[in-house]
Amino acid sequence: MRNVRLAVFALIGIAASLTGCAAGVQGGASGDVRVRPYEGASRAQQDDFEALRRDYVEVFRLFGRAQACGVPFQERMKQVSDELEHRHGPLNQQAGMTIGIGLYVGMENQPNPFDKPGTSPPTLIPCAEIGDRLRTLRLPDVPASLVMRPDDPPETVKWDETASTGPFRVAVRMRPDGSGPARHVVVYRDEEVFESPDEIDGHRLVEGPTPVLLIETKHPRRRCADGSPYTEWHALTLPSAGGSSSAELPVDCTRPRIYGGAGRHDPRVCFVGEQGQSQVFGVDAAGNLHRRTPDPVDARSCPNLPAPAGIFLK
């Protein structure tokens, strides 16, 4: 048992040393694929990262099995680790842990910790087959959502949600070359549909046959009459087909109250100002945003206003 433990610690030491190596051989399995960073990933991308990490553990399980069988593997493991570094950049402590876990479960014939509880380890590979398996070993394919393309800007996701018509996220994007200010964007079904130089400080989703996303942007210097940050609101349609449309709403320094929603075909939004006055908008089944009243009204009358008059956003 003591010898087994020493061997395991030696394998973990090898994994730790690999995380300090410079980028080396570009493996054929990796090609020119680069993986976007985990930081700023959406929830769906985080799930794909976890699935990929689970598959990496299975790759390095083979090296642990090679150690248990007494089959030389260090040179091949260095090649595979270089491929991994080519994909992800310099290997960090988390990468070292993933490699170490793979080595350990392979040597000790343990389940993959990223599998569901109760999952048994795979059938042991006969020692006589290890050499051939090492020669044909390749890294798993990268999920499409994690592939970073040359023109993809680094992105930090603030909110990642799903409307009835599809997923959207609010994010901060840096320019690919690192120059210029950050851009604050809304991405709907993987297409950038809204951009602002000002920070997106809030959002509200108005569900209906065609959802409308309300976006609040915060001016970096201006202030409202009460001294709070100056905010502006924008409306953005999220149609099930076709392009999205947007409009700036004349409701600065207000807060929205939403009435109705997915269960009714005419939800309405009241933007309540500092004095209790309200600008009122309705959303019809086609996603058209109607301004209900030309002038501010008492906020208490919002739920009972008549049908829309005039299309504001189409």
# chains A, B, ... in the order shown; residues from 1 in each chain; ligands from 1
$ residues_around --residues "A:Arg183" --least-positions-apart "4" --cutoff "6 Å" --atoms "only C-alpha atoms" --output "PDB file with N, CA and C atoms, in the first residue's frame"
ATOM      1  N   VAL A 172     -20.086  42.198 -21.241  1.00  0.00           N
ATOM      2  CA  VAL A 172     -19.103  43.246 -21.504  1.00  0.00           C
ATOM      3  C   VAL A 172     -18.054  42.644 -22.419  1.00  0.00           C
ATOM      4  N   ARG A 173     -17.807  43.285 -23.556  1.00  0.00           N
ATOM      5  CA  ARG A 173     -16.843  42.781 -24.521  1.00  0.00           C
ATOM      6  C   ARG A 173     -15.701  43.769 -24.700  1.00  0.00           C
ATOM      7  N   PRO A 197     -22.023  52.243 -25.212  1.00  0.00           N
ATOM      8  CA  PRO A 197     -20.752  52.579 -24.554  1.00  0.00           C
ATOM      9  C   PRO A 197     -20.907  52.700 -23.046  1.00  0.00           C
TER      10      PRO A 197
END
$ residues_around --residues "A:Arg34" --least-positions-apart "6" --cutoff "10 Å" --atoms "only C-alpha atoms" --output "list in words"
Leu84, Glu85, His86, Arg87, His88, Gly89, Val142, Leu146, Val147, Met148, Arg149 and Pro150 of chain A
$ write_last_selection --atoms "N, CA and C atoms" --output "short mmCIF file (atom, residue, chain, number, x, y, z; two decimals), in the first residue's frame"
data_model
loop_
_atom_site.label_atom_id
_atom_site.label_comp_id
_atom_site.auth_asym_id
_atom_site.auth_seq_id
_atom_site.Cartn_x
_atom_site.Cartn_y
_atom_site.Cartn_z
N LEU A 84 -2.79 20.05 -24.91
CA LEU A 84 -3.74 20.69 -23.99
C LEU A 84 -3.38 22.15 -23.79
N GLU A 85 -2.07 22.41 -23.66
CA GLU A 85 -1.63 23.80 -23.47
C GLU A 85 -1.85 24.63 -24.73
N HIS A 86 -1.72 24.00 -25.88
CA HIS A 86 -1.99 24.71 -27.13
C HIS A 86 -3.45 25.14 -27.19
N ARG A 87 -4.32 24.33 -26.68
CA ARG A 87 -5.75 24.67 -26.67
C ARG A 87 -6.08 25.78 -25.68
N HIS A 88 -5.55 25.65 -24.46
CA HIS A 88 -6.04 26.47 -23.35
C HIS A 88 -5.07 27.56 -22.90
N GLY A 89 -3.86 27.58 -23.46
CA GLY A 89 -2.86 28.50 -22.96
C GLY A 89 -2.12 27.85 -21.80
N VAL A 142 -13.54 19.71 -28.85
CA VAL A 142 -13.99 20.87 -28.07
C VAL A 142 -15.41 21.21 -28.47
N LEU A 146 -17.38 26.50 -27.02
CA LEU A 146 -16.15 26.88 -26.34
C LEU A 146 -15.02 27.25 -27.29
N VAL A 147 -15.25 27.09 -28.59
CA VAL A 147 -14.20 27.40 -29.56
C VAL A 147 -14.07 28.91 -29.71
N MET A 148 -12.86 29.40 -29.50
CA MET A 148 -12.60 30.83 -29.68
C MET A 148 -12.08 31.07 -31.09
N ARG A 149 -12.79 31.89 -31.83
CA ARG A 149 -12.38 32.24 -33.19
C ARG A 149 -11.46 33.46 -33.15
N PRO A 150 -10.66 33.65 -34.19
CA PRO A 150 -9.68 34.74 -34.16
C PRO A 150 -10.28 36.11 -33.90
#
$ residues_around --residues "A:Ile101" --least-positions-apart "2" --cutoff "9 Å" --atoms "only C-alpha atoms" --output "VMD selection string"
chain A and resid 12 57 60 to 61 96 to 99 103 to 106 112 to 113
$ closest_residue --among "A:Val185, A:Asp48, A:Leu139, A:Cys127" --to "A:Gln79" --atoms "only C-alpha atoms"
A:Leu139
$ closest_residue --among "A:Arg36, A:His184, A:Arg65, A:Lys116" --to "A:Glu199" --atoms "only C-alpha atoms"
A:His184
$ closest_residue --among "A:Val212, A:Ser81, A:Arg204, A:Pro72" --to "A:Arg138" --atoms "only C-alpha atoms"
A:Ser81
$ atom_distance --atom1 "atom CA of A:Glu248" --atom2 "atom CA of A:Pro167"
22.2 Å
